[in-house]
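J.: Structure incoming, see below.
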Amino acid sequence: MNESRHINIPIFVPHMGCPHACIFCDQKRISGTLTKQSPELAKDILIKSFSTIEDGSEVEIAFFGGSFTAIPEDEMIAYLELTKPYIGSGKASGIRLSTRPDAITPHILDILEMYKVSTIELGVQSLDEEVLRESQRGHGIEDVHRACQLIKQRRISLGIQTMLGLPKDNFQKSLATAKAVIGLKPQMVRIYPAIVLKHTALEDYYLKGKYTPLSVDEAVEWCAEILPLYTESGIRILRVGLQGSDTLEDAIVAGPYHPAFGELVESRIICNQIIKKLDKSVSVDSNKGSKDGKKITIISNPKLISKIIGQKRANIKAIKKRYNLDEIVIKQNPEQEGFLIK
Ligand code: SF4
């Protein structure tokens, strides 16, 4: 079967059009673009990128890194105009962009639909008013509901970005946010644990001892509880944790950044699943009682082995300790769907 490759051509518009200063935001660094973007530069990016793309690839042009729809209208249209030859000729299948909930209006959506924007990713961050206020987002929950409702009336897919561990956040609030996001029925989500970056207000809070970021382990645990809720609801998870880059790593002051954060989360999810199954087997089979001193065998599809074991054998160690096991044997079986515990 000849599957087409999906490619995003990212055009970062750092902080453009954004009149706000969210306490965690240093868009210029996150997007790795320290120079100002312009339609001329964006045109060059498109020409260069399309010259290297193989035929048959599914391509989207992605305006990321700021609040695209808050850019002055004529400038926003100048960027959208650049995409016309590629959309018109079928070389690009659509446009995706990121923006703020309060920068969505019926008029803006008319323009975006005219240019065949296919996906809008809304920076929602939290659906807790106190967290939004503390983060100085400058919008409330009502703006999020209104924007999502407006987008869903159009032929445009909805993505939602949330952050975990912002000031005044806690696990229960992040869980409630995830459930509320599911209620908004987006097609996709991105989940970012809050990181303290240089030259942000959050850095000041952190240095003055007013803010403690999540540890990597806490962030992994929160995400491992939250992600399955999205997947069970059929919502695609586009990304968990910030994409690493030298620019980003130089800018990190503190917080749960790990270059393989997504893998840590996947591995923790599997660890939680194993624990759930073992807990059940102990409680349903009274003859087994405790698993003290026993050996268990996990038969797994080869694709899952490294996630079952965990980084530095973290899962194996945790499960052995929890159930006082002598040994965990892992066997590969390509026919096995997921894993099975014996
Ligand atoms: S709205 Fe977005 S671009 Fe603007 S300050 Fe907040 S996070 Fe940064």
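Labeling convention for the structure tokens: chains A, B, ... as they appear, residues from 1 per chain, ligands from 1 in order of appearance.
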Which chains and residue numbers are within 10 Å of ligand 1, counting only C-alpha atoms and all ligand atoms, if I want them as a VMD selection string?

T.: chain A and resid 13 to 28 30 64 to 68 70 98 to 103 122 to 125 135 to 139 200

J.: How would the residues just picked look written out with C-alpha atoms as an mmCIF file, in the first residue's frame?

T.:
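What follows is the written file selection.cif:
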data_model
loop_
_atom_site.group_PDB
_atom_site.id
_atom_site.type_symbol
_atom_site.label_atom_id
_atom_site.label_comp_id
_atom_site.auth_asym_id
_atom_site.auth_seq_id
_atom_site.Cartn_x
_atom_site.Cartn_y
_atom_site.Cartn_z
ATOM 1 C CA VAL A 13 4.931 34.088 13.617
ATOM 2 C CA PRO A 14 6.405 34.623 17.084
ATOM 3 C CA HIS A 15 4.330 36.870 19.295
ATOM 4 C CA MET A 16 2.968 38.677 16.234
ATOM 5 C CA GLY A 17 -0.462 40.065 16.738
ATOM 6 C CA CYS A 18 -0.459 39.244 20.386
ATOM 7 C CA PRO A 19 -1.182 42.174 22.685
ATOM 8 C CA HIS A 20 -0.848 39.928 25.734
ATOM 9 C CA ALA A 21 1.974 38.775 27.927
ATOM 10 C CA CYS A 22 0.997 35.452 29.432
ATOM 11 C CA ILE A 23 3.314 34.798 32.344
ATOM 12 C CA PHE A 24 4.806 31.641 30.808
ATOM 13 C CA CYS A 25 5.243 32.919 27.276
ATOM 14 C CA ASP A 26 8.392 33.669 25.426
ATOM 15 C CA GLN A 27 7.110 32.783 21.985
ATOM 16 C CA LYS A 28 10.214 34.013 20.257
ATOM 17 C CA ILE A 30 9.699 28.559 21.916
ATOM 18 C CA PHE A 64 2.362 28.657 14.486
ATOM 19 C CA GLY A 65 3.921 30.444 17.400
ATOM 20 C CA GLY A 66 1.660 33.397 18.065
ATOM 21 C CA SER A 67 -1.913 34.520 17.744
ATOM 22 C CA PHE A 68 -2.320 34.413 13.990
ATOM 23 C CA ALA A 70 -4.893 38.755 16.081
ATOM 24 C CA SER A 98 -2.674 28.651 16.228
ATOM 25 C CA THR A 99 -4.451 31.492 17.958
ATOM 26 C CA ARG A 100 -6.192 32.717 21.112
ATOM 27 C CA PRO A 101 -9.854 32.020 21.890
ATOM 28 C CA ASP A 102 -10.715 35.735 22.032
ATOM 29 C CA ALA A 103 -9.209 36.308 18.578
ATOM 30 C CA LEU A 122 -6.729 27.264 20.155
ATOM 31 C CA GLY A 123 -4.401 28.040 23.022
ATOM 32 C CA VAL A 124 -6.779 27.324 25.889
ATOM 33 C CA GLN A 125 -4.235 26.348 28.563
ATOM 34 C CA SER A 135 -1.442 33.206 34.053
ATOM 35 C CA GLN A 136 -2.598 36.621 32.853
ATOM 36 C CA ARG A 137 -4.189 35.097 29.815
ATOM 37 C CA GLY A 138 -6.565 38.007 29.361
ATOM 38 C CA HIS A 139 -9.508 35.736 28.471
ATOM 39 C CA THR A 200 9.168 35.575 31.406
#

J.: Can you tell me, as an mmCIF file with N, CA and C atoms, in the first residue's frame, what residues are no more than 12 Å from Lys152 (chain A) when counting only C-alpha atoms, ignoring any on the same chain fewer than 3 positions away?

T.:
data_model
loop_
_atom_site.group_PDB
_atom_site.id
_atom_site.type_symbol
_atom_site.label_atom_id
_atom_site.label_comp_id
_atom_site.auth_asym_id
_atom_site.auth_seq_id
_atom_site.Cartn_x
_atom_site.Cartn_y
_atom_site.Cartn_z
ATOM 1 N N ILE A 104 -11.082 34.954 17.865
ATOM 2 C CA ILE A 104 -11.936 34.250 16.893
ATOM 3 C C ILE A 104 -13.272 34.978 16.821
ATOM 4 N N PRO A 106 -16.858 35.626 13.920
ATOM 5 C CA PRO A 106 -17.443 35.139 12.654
ATOM 6 C C PRO A 106 -16.747 35.763 11.440
ATOM 7 N N LEU A 109 -13.471 34.078 10.838
ATOM 8 C CA LEU A 109 -13.695 32.721 10.318
ATOM 9 C C LEU A 109 -14.118 32.759 8.851
ATOM 10 N N SER A 118 -7.768 24.698 7.281
ATOM 11 C CA SER A 118 -8.370 23.411 7.616
ATOM 12 C C SER A 118 -8.426 23.159 9.120
ATOM 13 N N THR A 119 -7.466 23.736 9.871
ATOM 14 C CA THR A 119 -7.425 23.472 11.315
ATOM 15 C C THR A 119 -7.065 24.728 12.084
ATOM 16 N N ILE A 120 -7.799 24.987 13.157
ATOM 17 C CA ILE A 120 -7.431 26.057 14.089
ATOM 18 C C ILE A 120 -7.074 25.409 15.416
ATOM 19 N N HIS A 145 -15.444 28.756 25.184
ATOM 20 C CA HIS A 145 -16.684 28.101 24.724
ATOM 21 C C HIS A 145 -17.191 28.755 23.443
ATOM 22 N N ARG A 146 -17.185 30.079 23.464
ATOM 23 C CA ARG A 146 -17.710 30.820 22.310
ATOM 24 C C ARG A 146 -16.871 30.511 21.056
ATOM 25 N N ALA A 147 -15.524 30.558 21.204
ATOM 26 C CA ALA A 147 -14.647 30.319 20.047
ATOM 27 C C ALA A 147 -14.837 28.899 19.506
ATOM 28 N N CYS A 148 -14.917 27.927 20.415
ATOM 29 C CA CYS A 148 -15.063 26.530 19.966
ATOM 30 C C CYS A 148 -16.385 26.351 19.217
ATOM 31 N N GLN A 149 -17.429 26.972 19.760
ATOM 32 C CA GLN A 149 -18.747 26.858 19.127
ATOM 33 C C GLN A 149 -18.700 27.463 17.711
ATOM 34 N N ARG A 155 -16.346 24.475 8.369
ATOM 35 C CA ARG A 155 -15.657 23.266 7.900
ATOM 36 C C ARG A 155 -14.177 23.358 8.307
ATOM 37 N N ILE A 156 -13.951 23.555 9.571
ATOM 38 C CA ILE A 156 -12.588 23.720 10.085
ATOM 39 C C ILE A 156 -12.436 22.809 11.297
ATOM 40 N N SER A 157 -11.329 22.041 11.320
ATOM 41 C CA SER A 157 -11.101 21.166 12.483
ATOM 42 C C SER A 157 -10.610 22.000 13.655
ATOM 43 N N LEU A 158 -10.953 21.510 14.844
ATOM 44 C CA LEU A 158 -10.589 22.232 16.061
ATOM 45 C C LEU A 158 -9.530 21.464 16.847
ATOM 46 N N GLY A 159 -8.452 22.184 17.166
ATOM 47 C CA GLY A 159 -7.432 21.624 18.063
ATOM 48 C C GLY A 159 -7.389 22.480 19.316
ATOM 49 N N LEU A 184 -15.875 19.797 24.789
ATOM 50 C CA LEU A 184 -15.879 20.759 23.670
ATOM 51 C C LEU A 184 -15.696 20.059 22.320
ATOM 52 N N LYS A 185 -15.419 18.774 22.373
ATOM 53 C CA LYS A 185 -15.306 17.908 21.191
ATOM 54 C C LYS A 185 -14.289 18.400 20.144
ATOM 55 N N PRO A 186 -13.065 18.674 20.563
ATOM 56 C CA PRO A 186 -12.062 19.005 19.552
ATOM 57 C C PRO A 186 -11.660 17.726 18.817
ATOM 58 N N GLN A 187 -11.074 17.883 17.634
ATOM 59 C CA GLN A 187 -10.569 16.704 16.932
ATOM 60 C C GLN A 187 -9.197 16.310 17.461
#

J.: At most 12 Å is the cut-off: for each residue in region 140-193 of chain A with any atom that close to an atom of region 263-285 of chain A, write down the nearest atom pair and the distance in Å rounded to one decimal, counting only C-alpha atoms, chain first then increasing number, as JSON lines.

T.:
{"residue": "A:Ile191", "atom": "CA", "partner": "A:Val265", "partner_atom": "CA", "distance": 11.3}
{"residue": "A:Tyr192", "atom": "CA", "partner": "A:Val265", "partner_atom": "CA", "distance": 11.9}
{"residue": "A:Pro193", "atom": "CA", "partner": "A:Val265", "partner_atom": "CA", "distance": 11.6}

J.: Using only C-alpha atoms, which of A:Ile237, A:Ile328, A:Ile45, A:Val117 sits nearest Glu60 (chain A)?

T.: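 Closest residue, counting only C-alpha atoms: A:Val117.
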
J.: Mind checking which residues fall within 12 Å of Ser233 (chain A), counting only C-alpha atoms, ignoring those fewer than 3 positions away in the same chain, and posting them as a list in words?

T.: Ala178, Lys179, Val181, Ile182, Gly183, Leu184, Lys185, Pro186, Gln187, Met188, Val189, Ile226, Leu227, Pro228, Leu229, Tyr230, Arg236 and Ile237 of chain A

J.: Can you write out the residues you just picked, keeping C-alpha atoms, as a short mmCIF file (atom, residue, chain, number, x, y, z; two decimals), in the first residue's frame?

T.:
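Generated output (again25.cif):
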data_model
loop_
_atom_site.label_atom_id
_atom_site.label_comp_id
_atom_site.auth_asym_id
_atom_site.auth_seq_id
_atom_site.Cartn_x
_atom_site.Cartn_y
_atom_site.Cartn_z
CA ALA A 178 -9.26 17.69 30.36
CA LYS A 179 -12.85 16.54 30.94
CA VAL A 181 -11.99 20.00 26.85
CA ILE A 182 -13.42 16.59 25.88
CA GLY A 183 -16.88 18.14 26.26
CA LEU A 184 -15.88 20.76 23.67
CA LYS A 185 -15.31 17.91 21.19
CA PRO A 186 -12.06 19.00 19.55
CA GLN A 187 -10.57 16.70 16.93
CA MET A 188 -7.09 17.01 18.46
CA VAL A 189 -5.18 18.27 21.49
CA ILE A 226 -5.10 12.55 31.50
CA LEU A 227 -3.99 11.24 28.10
CA PRO A 228 -6.08 8.04 28.17
CA LEU A 229 -9.21 10.18 28.70
CA TYR A 230 -8.54 11.87 25.37
CA ARG A 236 -6.06 12.71 18.61
CA ILE A 237 -3.07 13.69 20.72
#

J.: Could you name the residues that touch Ser300 (chain A) at 9 Å or less, counting only C-alpha atoms, but leaving out those on the same chain fewer than 3 positions away, as an MDAnalysis selection string?

T.: chainID A and resid 303:305 308 330:341

J.: Please identify the strand (DSSP E) residues within region 36-210 of chain A (assignment by DSSP from backbone atoms) and present them as a VMD selection string.

T.: chain A and resid 58 to 64 94 to 99 117 to 125 157 to 164 188 to 193 196 to 197

J.: How far is it from CA of Ile71 (chain A) to CA of Thr83 (chain A), in Å with one decimal?

T.: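 Rounded to one decimal, the two atoms are 16.6 Å apart.
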
J.: Taking only C-alpha atoms into account, produce a table as a tab-separated table in which each residue of region 158-234 of chain A with an atom at most 7 Å from an atom of region 247-257 of chain A appears once, together with its shortest atom pair and the distance in Å to one decimal, ordered by chain and rising number.

T.:
residue	atom	partner	partner_atom	distance
A:Pro193	CA	A:Pro256	CA	6.7
A:Ala194	CA	A:Gly255	CA	6.9
A:Ile195	CA	A:Gly255	CA	4.6
A:Val196	CA	A:Ala254	CA	5.1
A:Leu197	CA	A:Ile252	CA	4.7
A:Lys198	CA	A:Ala251	CA	5.3
A:Pro213	CA	A:Gly255	CA	5.1
A:Leu214	CA	A:Pro256	CA	5.9
A:Ser215	CA	A:Pro256	CA	5.1
A:Val216	CA	A:Pro256	CA	4.1
A:Ala219	CA	A:Pro256	CA	6.4

J.: Got a sec: who's within 12 Å of Gly94 (chain A), counting only C-alpha atoms, leaving out chain neighbours fewer than 2 positions off, as a ChimeraX atom specification?

T.: /A:6-9,58-63,80,83-92,96-97,112-120,155-157

J.: Write out, as an mmCIF file, in the first residue's frame, the residues just selected, with N, CA and C atoms.

T.:
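What landed in again_5.cif:
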data_model
loop_
_atom_site.group_PDB
_atom_site.id
_atom_site.type_symbol
_atom_site.label_atom_id
_atom_site.label_comp_id
_atom_site.auth_asym_id
_atom_site.auth_seq_id
_atom_site.Cartn_x
_atom_site.Cartn_y
_atom_site.Cartn_z
ATOM 1 N N HIS A 6 2.431 12.719 5.787
ATOM 2 C CA HIS A 6 1.881 14.015 6.171
ATOM 3 C C HIS A 6 3.020 14.948 6.572
ATOM 4 N N ILE A 7 3.048 16.125 5.963
ATOM 5 C CA ILE A 7 4.110 17.085 6.268
ATOM 6 C C ILE A 7 3.472 18.428 6.622
ATOM 7 N N ASN A 8 3.951 19.022 7.707
ATOM 8 C CA ASN A 8 3.566 20.395 8.041
ATOM 9 C C ASN A 8 4.708 21.313 7.648
ATOM 10 N N ILE A 9 4.419 22.379 6.934
ATOM 11 C CA ILE A 9 5.460 23.388 6.700
ATOM 12 C C ILE A 9 5.229 24.494 7.727
ATOM 13 N N GLU A 58 1.154 14.492 1.745
ATOM 14 C CA GLU A 58 0.042 15.348 2.137
ATOM 15 C C GLU A 58 0.633 16.508 2.933
ATOM 16 N N VAL A 59 0.455 17.725 2.418
ATOM 17 C CA VAL A 59 1.150 18.875 3.007
ATOM 18 C C VAL A 59 0.151 19.884 3.577
ATOM 19 N N GLU A 60 0.448 20.360 4.783
ATOM 20 C CA GLU A 60 -0.316 21.484 5.339
ATOM 21 C C GLU A 60 0.653 22.620 5.627
ATOM 22 N N ILE A 61 0.206 23.832 5.396
ATOM 23 C CA ILE A 61 1.002 25.012 5.734
ATOM 24 C C ILE A 61 0.545 25.452 7.123
ATOM 25 N N ALA A 62 1.517 25.609 8.036
ATOM 26 C CA ALA A 62 1.143 25.824 9.444
ATOM 27 C C ALA A 62 1.692 27.146 9.969
ATOM 28 N N PHE A 63 0.801 28.051 10.328
ATOM 29 C CA PHE A 63 1.209 29.314 10.947
ATOM 30 C C PHE A 63 1.142 29.141 12.460
ATOM 31 N N LEU A 80 -1.947 34.743 4.246
ATOM 32 C CA LEU A 80 -2.851 33.738 3.669
ATOM 33 C C LEU A 80 -2.761 33.725 2.146
ATOM 34 N N THR A 83 -0.414 31.374 0.444
ATOM 35 C CA THR A 83 -0.720 29.939 0.389
ATOM 36 C C THR A 83 -1.548 29.576 -0.845
ATOM 37 N N LYS A 84 -2.142 30.599 -1.469
ATOM 38 C CA LYS A 84 -3.102 30.358 -2.565
ATOM 39 C C LYS A 84 -2.561 29.465 -3.687
ATOM 40 N N PRO A 85 -1.343 29.760 -4.223
ATOM 41 C CA PRO A 85 -0.877 28.914 -5.332
ATOM 42 C C PRO A 85 -0.743 27.450 -4.934
ATOM 43 N N TYR A 86 -0.376 27.209 -3.670
ATOM 44 C CA TYR A 86 -0.149 25.820 -3.238
ATOM 45 C C TYR A 86 -1.465 25.104 -2.972
ATOM 46 N N ILE A 87 -2.418 25.845 -2.408
ATOM 47 C CA ILE A 87 -3.736 25.239 -2.152
ATOM 48 C C ILE A 87 -4.439 25.048 -3.500
ATOM 49 N N GLY A 88 -4.382 26.084 -4.341
ATOM 50 C CA GLY A 88 -5.063 26.049 -5.644
ATOM 51 C C GLY A 88 -4.572 24.906 -6.516
ATOM 52 N N SER A 89 -3.262 24.634 -6.484
ATOM 53 C CA SER A 89 -2.705 23.593 -7.354
ATOM 54 C C SER A 89 -2.790 22.212 -6.721
ATOM 55 N N GLY A 90 -3.254 22.165 -5.470
ATOM 56 C CA GLY A 90 -3.356 20.874 -4.793
ATOM 57 C C GLY A 90 -2.042 20.437 -4.157
ATOM 58 N N LYS A 91 -1.010 21.285 -4.231
ATOM 59 C CA LYS A 91 0.264 20.891 -3.603
ATOM 60 C C LYS A 91 0.138 20.878 -2.081
ATOM 61 N N ALA A 92 -0.718 21.732 -1.546
ATOM 62 C CA ALA A 92 -0.996 21.713 -0.100
ATOM 63 C C ALA A 92 -2.471 21.407 0.081
ATOM 64 N N ARG A 96 -3.063 25.179 8.660
ATOM 65 C CA ARG A 96 -3.400 25.145 10.073
ATOM 66 C C ARG A 96 -2.752 26.326 10.766
ATOM 67 N N LEU A 97 -3.379 26.788 11.826
ATOM 68 C CA LEU A 97 -2.826 27.955 12.517
ATOM 69 C C LEU A 97 -3.170 27.884 13.997
ATOM 70 N N LEU A 112 -10.877 33.016 7.047
ATOM 71 C CA LEU A 112 -10.106 31.774 7.113
ATOM 72 C C LEU A 112 -10.727 30.692 6.229
ATOM 73 N N GLU A 113 -12.042 30.641 6.210
ATOM 74 C CA GLU A 113 -12.705 29.627 5.376
ATOM 75 C C GLU A 113 -12.454 29.905 3.894
ATOM 76 N N MET A 114 -12.456 31.208 3.558
ATOM 77 C CA MET A 114 -12.222 31.588 2.161
ATOM 78 C C MET A 114 -10.834 31.108 1.693
ATOM 79 N N TYR A 115 -9.874 31.147 2.605
ATOM 80 C CA TYR A 115 -8.507 30.718 2.246
ATOM 81 C C TYR A 115 -8.273 29.225 2.510
ATOM 82 N N LYS A 116 -9.332 28.527 2.833
ATOM 83 C CA LYS A 116 -9.277 27.073 3.034
ATOM 84 C C LYS A 116 -8.407 26.659 4.229
ATOM 85 N N VAL A 117 -8.510 27.437 5.288
ATOM 86 C CA VAL A 117 -7.865 27.010 6.537
ATOM 87 C C VAL A 117 -8.565 25.732 7.001
ATOM 88 N N SER A 118 -7.768 24.698 7.281
ATOM 89 C CA SER A 118 -8.370 23.411 7.616
ATOM 90 C C SER A 118 -8.426 23.159 9.120
ATOM 91 N N THR A 119 -7.466 23.736 9.871
ATOM 92 C CA THR A 119 -7.425 23.472 11.315
ATOM 93 C C THR A 119 -7.065 24.728 12.084
ATOM 94 N N ILE A 120 -7.799 24.987 13.157
ATOM 95 C CA ILE A 120 -7.431 26.057 14.089
ATOM 96 C C ILE A 120 -7.074 25.409 15.416
ATOM 97 N N ARG A 155 -16.346 24.475 8.369
ATOM 98 C CA ARG A 155 -15.657 23.266 7.900
ATOM 99 C C ARG A 155 -14.177 23.358 8.307
ATOM 100 N N ILE A 156 -13.951 23.555 9.571
ATOM 101 C CA ILE A 156 -12.588 23.720 10.085
ATOM 102 C C ILE A 156 -12.436 22.809 11.297
ATOM 103 N N SER A 157 -11.329 22.041 11.320
ATOM 104 C CA SER A 157 -11.101 21.166 12.483
ATOM 105 C C SER A 157 -10.610 22.000 13.655
#

J.: With only C-alpha atoms as the atoms that count, which of A:Leu325, A:Ala176, A:Leu202, A:Ile95 lies nearest to Lys294 (chain A)?

T.: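 The shortest atom-to-atom distance to Lys294 (chain A) comes from A:Leu325.
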
J.: Smallest atom-to-atom distance to Phe171 (chain A): which of A:Glu81, A:Trp222, A:Val144, A:Leu127, using only C-alpha atoms?

T.: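 The answer is A:Trp222, which sits nearest to Phe171 (chain A).
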
J.: With distances taken over only C-alpha atoms, which of A:Val220, A:Ile108, A:Ser93, A:Ser51 is nearest to Glu73 (chain A)?

T.: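 Among the listed residues, the smallest separation from Glu73 (chain A) belongs to A:Ile108.
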
J.: Between CA of Met76 (chain A) and CA of Phe12 (chain A), what distance in Å does the model show, to one decimal?

T.: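 So the answer is 13.0 Å.
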